[in-house]
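Novice: Here it is, the structure, as structure tokens.
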Amino acid sequence: MKAKSGRTKPQFAVRRKLAAATGKVYECAMDFDDDFRAQLRDLMVWRRDVRRFRSEPLPAGTLDRLLAVACLAPSVGLSQPWRFVIVESAARRRAVLEDFTACNAEALASYDGHIATHYAALKLAGLAEAPCQLAVFADRDTATGHGLGRRTMPETIEYSVVAAVIALWLAARAEGIGVGWVSILDPTRVKAILDVPDAWRFIGYFCLGYPESEETEPELARAGWEQRRPPSEFVLRR
Ligand SMILES: Cc1cc2nc3c(=O)[nH]c(=O)nc-3n(C[C@H](O)[C@H](O)[C@H](O)COP(=O)(O)O)c2cc1C
């Protein structure tokens, strides 16, 4: 790869030797500079859960590129348990939307009073509009990775798939593409709609497309449903 100066970067091992010879601190194989770090933070700040999509489709090859990034995620024992189902069939999309509508109505019924009114006003999925739709599963039966890391914590299979989802989410945002996670669904019904193996655990259904607007604040915060809290509330020391 080329450094900013245009010079070809020395290989990893050469750089290490150079560092040893010159006594200079060897940092890392890649020069991630301050600009990159600032942009990476911006990516986190501008990543949003998107429920309002423009109608234009993603350019050809985009989803394959995003899925390839997702597959770079860490996974327990290198098990790579992620399974991606690209949902193209109009009938299956319709069935997922119907399931969402039913589950969302049940969720609404679980609230009372003003919070129910508030919930009813939220838009909680872009299933009717999103040009690209993806269901993600974790294959609990996979032999890949030979069970390493899973004996005491079998749930690490699901954690690995979530790691892949986050990689895809950020890679999409870096291309100006919005992602919306839909969990207001019945996993058993989704599995039947998509006809996937029993051993696959449903992780989430994802809507992808170009967002109607760009925001730095979560939609639920803007709607007054919940607020972001400072990191100090979540960190403790022992
Ligand atoms: C596991 C998971 C499930 C989610 N399910 C839904 C959902 O069904 N509907 C929805 O509108 N948002 C869903 N979200 C999005 C969250 O509401 C959103 O991440 C949160 O409000 C913060 O907003 P932000 O992602 O824009 O920062 C989900 C997010 C996660 C991580």
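Residue names in the structure tokens use chain letters A, B, ... in the order shown, residue numbers from 1 in each chain, and ligand numbers from 1 in the order shown.
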Counting only C-alpha atoms and all ligand atoms, which residues of chain A fall within 8 Å of ligand 1, and what is the closest atom pair for each with its distance in Å at one decimal, ordered by chain and rising number, as a tab-separated table?
Specialist:
residue	atom	partner	partner_atom_place_in_ligand_line	distance
A:Arg47	CA	ligand 1	26 (O)	6.4
A:Arg48	CA	ligand 1	26 (O)	3.4
A:Asp49	CA	ligand 1	26 (O)	3.9
A:Val50	CA	ligand 1	26 (O)	6.7
A:Arg51	CA	ligand 1	11 (O)	6.4
A:Leu122	CA	ligand 1	11 (O)	7.9
A:Lys123	CA	ligand 1	11 (O)	6.3
A:Leu124	CA	ligand 1	11 (O)	3.3
A:Ala125	CA	ligand 1	11 (O)	5.1
A:Gly180	CA	ligand 1	12 (N)	6.5
A:Trp181	CA	ligand 1	28 (C)	4.9
A:Val182	CA	ligand 1	8 (O)	3.5
A:Ser183	CA	ligand 1	8 (O)	3.7
A:Ile184	CA	ligand 1	8 (O)	4.4
A:Leu185	CA	ligand 1	8 (O)	7.5
A:Ile203	CA	ligand 1	1 (C)	7.9
A:Gly204	CA	ligand 1	3 (C)	7.1
A:Thr216	CA	ligand 1	26 (O)	7.8
A:Glu217	CA	ligand 1	26 (O)	6.5
A:Pro218	CA	ligand 1	26 (O)	3.7
A:Glu219	CA	ligand 1	26 (O)	5.9
A:Leu220	CA	ligand 1	21 (O)	5.1
A:Ala221	CA	ligand 1	21 (O)	7.1
A:Glu226	CA	ligand 1	21 (O)	7.9
Novice: Could I get the residues of segment 109-133 of chain A with an atom no further than 10 Å from an atom of segment 80-90 of chain A, each paired with its nearest atom pair and that distance in Å to one decimal, using only C-alpha atoms, sorted by chain and residue number, as CSV?
Specialist:
residue,atom,partner,partner_atom,distance
A:Pro131,CA,A:Glu88,CA,9.3
A:Cys132,CA,A:Val87,CA,7.7
A:Gln133,CA,A:Val87,CA,5.4
Novice: Using N, CA and C atoms, can you write the selected residues to a file as a short mmCIF file (atom, residue, chain, number, x, y, z; two decimals), in the first residue's frame?
Specialist:
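Listed below is the output, selection31.cif:
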data_model
loop_
_atom_site.label_atom_id
_atom_site.label_comp_id
_atom_site.auth_asym_id
_atom_site.auth_seq_id
_atom_site.Cartn_x
_atom_site.Cartn_y
_atom_site.Cartn_z
N PRO A 131 -34.85 -1.05 -0.21
CA PRO A 131 -34.61 -1.77 -1.47
C PRO A 131 -33.83 -3.06 -1.30
N CYS A 132 -33.12 -3.18 -0.17
CA CYS A 132 -32.29 -4.37 0.02
C CYS A 132 -32.59 -4.94 1.40
N GLN A 133 -32.82 -6.25 1.49
CA GLN A 133 -33.21 -6.85 2.77
C GLN A 133 -32.42 -8.13 3.00
#
Novice: Find the residue from A:Ala223, A:Leu78, A:Ala164, A:Arg229 that sits nearest to Ala120 of chain A; use only C-alpha atoms when measuring.
Specialist: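 When distances to Ala120 of chain A are compared using only C-alpha atoms, the smallest one comes from A:Ala223.
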Novice: Measuring between only C-alpha atoms, which one of A:Asp112, A:Glu215, A:Asp139, A:Asp186 shows the shortest distance to Phe100 of chain A?
Specialist: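 Closest to Phe100 of chain A, using only C-alpha atoms: A:Asp186.
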Novice: What are the DSSP strand (DSSP E) residues of segment 18-230 of chain A, as a CSV table (one decimal) with C-alpha atoms, in the first residue's frame?
Specialist:
chain,number,residue,atom,x,y,z
A,82,TRP,CA,-22.7,-16.1,10.2
A,83,ARG,CA,-25.3,-17.1,7.6
A,84,PHE,CA,-26.7,-14.4,5.4
A,85,VAL,CA,-30.0,-14.8,3.6
A,86,ILE,CA,-30.6,-12.1,0.9
A,132,CYS,CA,-32.3,-4.4,0.0
A,133,GLN,CA,-33.2,-6.8,2.8
A,134,LEU,CA,-31.1,-9.3,4.6
A,135,ALA,CA,-31.8,-11.9,7.3
A,136,VAL,CA,-28.9,-13.0,9.4
A,137,PHE,CA,-28.5,-16.2,11.3
A,138,ALA,CA,-26.0,-18.0,13.5
A,139,ASP,CA,-25.3,-21.6,12.7
A,178,GLY,CA,-28.2,3.1,5.9
A,179,VAL,CA,-28.9,-0.1,7.8
A,180,GLY,CA,-31.9,-0.7,10.0
A,181,TRP,CA,-32.0,-3.7,12.4
A,182,VAL,CA,-35.5,-5.2,12.8
A,200,TRP,CA,-29.7,-21.7,12.6
A,201,ARG,CA,-30.6,-19.1,15.2
A,202,PHE,CA,-32.2,-15.9,14.0
A,203,ILE,CA,-30.1,-12.9,14.8
A,204,GLY,CA,-31.9,-10.1,13.0
A,205,TYR,CA,-33.5,-8.8,9.9
A,206,PHE,CA,-31.8,-5.9,8.2
A,207,CYS,CA,-33.1,-3.2,5.9
A,208,LEU,CA,-30.5,-1.5,3.7
A,209,GLY,CA,-30.7,1.5,1.4
Novice: Between atom CA of Gly77 of chain A and atom CA of Gly149 of chain A, measure the distance and give it in Å to one decimal.
Specialist: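 Between atom CA of Gly77 of chain A and atom CA of Gly149 of chain A the gap is 5.8 Å.
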Novice: Looking only at alpha helix (DSSP H) from DSSP on the backbone, list the matching residues of segment 106-174 of chain A as a PyMOL selection string.
Specialist: chain A and resi 106-109+113-121+156-174
Novice: Nearest to Ala163 of chain A among A:Ser55, A:Thr117, A:Ser75, A:Ser232, with distances taken over only C-alpha atoms: which residue is it?
Specialist: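 Of the candidates, the smallest distance to Ala163 of chain A is held by A:Ser75.
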Novice: Grab the atom CA of Arg41 of chain A to atom CA of Leu236 of chain A distance for me, in Å with one decimal place.
Specialist: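 Taking atom CA of Arg41 of chain A and atom CA of Leu236 of chain A, their separation equals 23.2 Å.
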Novice: Skip segment 63-74 of chain A itself and residues of its chain fewer than 3 positions away, then list as a PyMOL selection string all residues within 7 Å of it, counting only C-alpha atoms.
Specialist: chain A and resi 160+163-165+167-168+171-172
Novice: Residues within 12 Å of Ala95 of chain A, please, as a compact mmCIF listing (two decimals) with N, CA and C atoms, in the first residue's frame. Count only C-alpha atoms; anything in the same chain fewer than 2 positions from it doesn't count.
Specialist:
# COMPACT_ATOMS: atom_id res chain seq x y z
N VAL A 87 -32.91 -11.50 0.99
CA VAL A 87 -34.33 -11.75 0.75
C VAL A 87 -34.78 -10.93 -0.46
N SER A 89 -37.36 -12.31 -2.79
CA SER A 89 -38.72 -12.67 -3.19
C SER A 89 -39.74 -11.69 -2.58
N ALA A 90 -40.59 -11.14 -3.47
CA ALA A 90 -41.60 -10.18 -3.00
C ALA A 90 -42.54 -10.85 -2.00
N ALA A 91 -42.88 -12.11 -2.25
CA ALA A 91 -43.81 -12.82 -1.36
C ALA A 91 -43.19 -13.00 0.02
N ARG A 92 -41.91 -13.34 0.06
CA ARG A 92 -41.25 -13.54 1.37
C ARG A 92 -41.11 -12.20 2.09
N ARG A 93 -40.77 -11.15 1.35
CA ARG A 93 -40.67 -9.82 1.98
C ARG A 93 -42.02 -9.42 2.59
N LEU A 97 -42.96 -8.59 6.44
CA LEU A 97 -43.64 -7.34 6.83
C LEU A 97 -44.91 -7.65 7.63
N GLU A 98 -45.65 -8.69 7.20
CA GLU A 98 -46.88 -9.06 7.93
C GLU A 98 -46.53 -9.53 9.34
N ASP A 99 -45.42 -10.27 9.45
CA ASP A 99 -45.02 -10.74 10.78
C ASP A 99 -44.63 -9.56 11.66
N PHE A 100 -43.90 -8.61 11.08
CA PHE A 100 -43.54 -7.39 11.83
C PHE A 100 -44.81 -6.68 12.31
N THR A 101 -45.78 -6.53 11.41
CA THR A 101 -47.00 -5.80 11.75
C THR A 101 -47.71 -6.48 12.93
N ALA A 102 -47.74 -7.81 12.90
CA ALA A 102 -48.40 -8.55 14.00
C ALA A 102 -47.60 -8.40 15.30
N LEU A 127 -39.37 -1.83 6.41
CA LEU A 127 -39.58 -3.04 5.62
C LEU A 127 -40.37 -2.81 4.34
N ALA A 128 -41.25 -1.81 4.34
CA ALA A 128 -42.07 -1.58 3.15
C ALA A 128 -41.27 -0.86 2.06
N LEU A 185 -39.93 -9.23 15.40
CA LEU A 185 -40.31 -10.34 14.52
C LEU A 185 -40.33 -11.62 15.35
N ASP A 186 -41.07 -12.60 14.90
CA ASP A 186 -41.09 -13.89 15.56
C ASP A 186 -40.03 -14.78 14.89
N ARG A 189 -41.25 -17.82 12.99
CA ARG A 189 -41.97 -17.52 11.74
C ARG A 189 -40.98 -17.07 10.66
N VAL A 190 -39.98 -16.26 11.05
CA VAL A 190 -39.00 -15.81 10.06
C VAL A 190 -38.26 -17.01 9.47
N LYS A 191 -37.91 -17.96 10.33
CA LYS A 191 -37.20 -19.15 9.84
C LYS A 191 -38.07 -19.94 8.86
N ALA A 192 -39.36 -20.02 9.16
CA ALA A 192 -40.26 -20.75 8.26
C ALA A 192 -40.41 -20.00 6.94
N ILE A 193 -40.56 -18.68 7.02
CA ILE A 193 -40.73 -17.87 5.80
C ILE A 193 -39.52 -18.04 4.89
N LEU A 194 -38.33 -18.10 5.50
CA LEU A 194 -37.11 -18.13 4.70
C LEU A 194 -36.57 -19.54 4.49
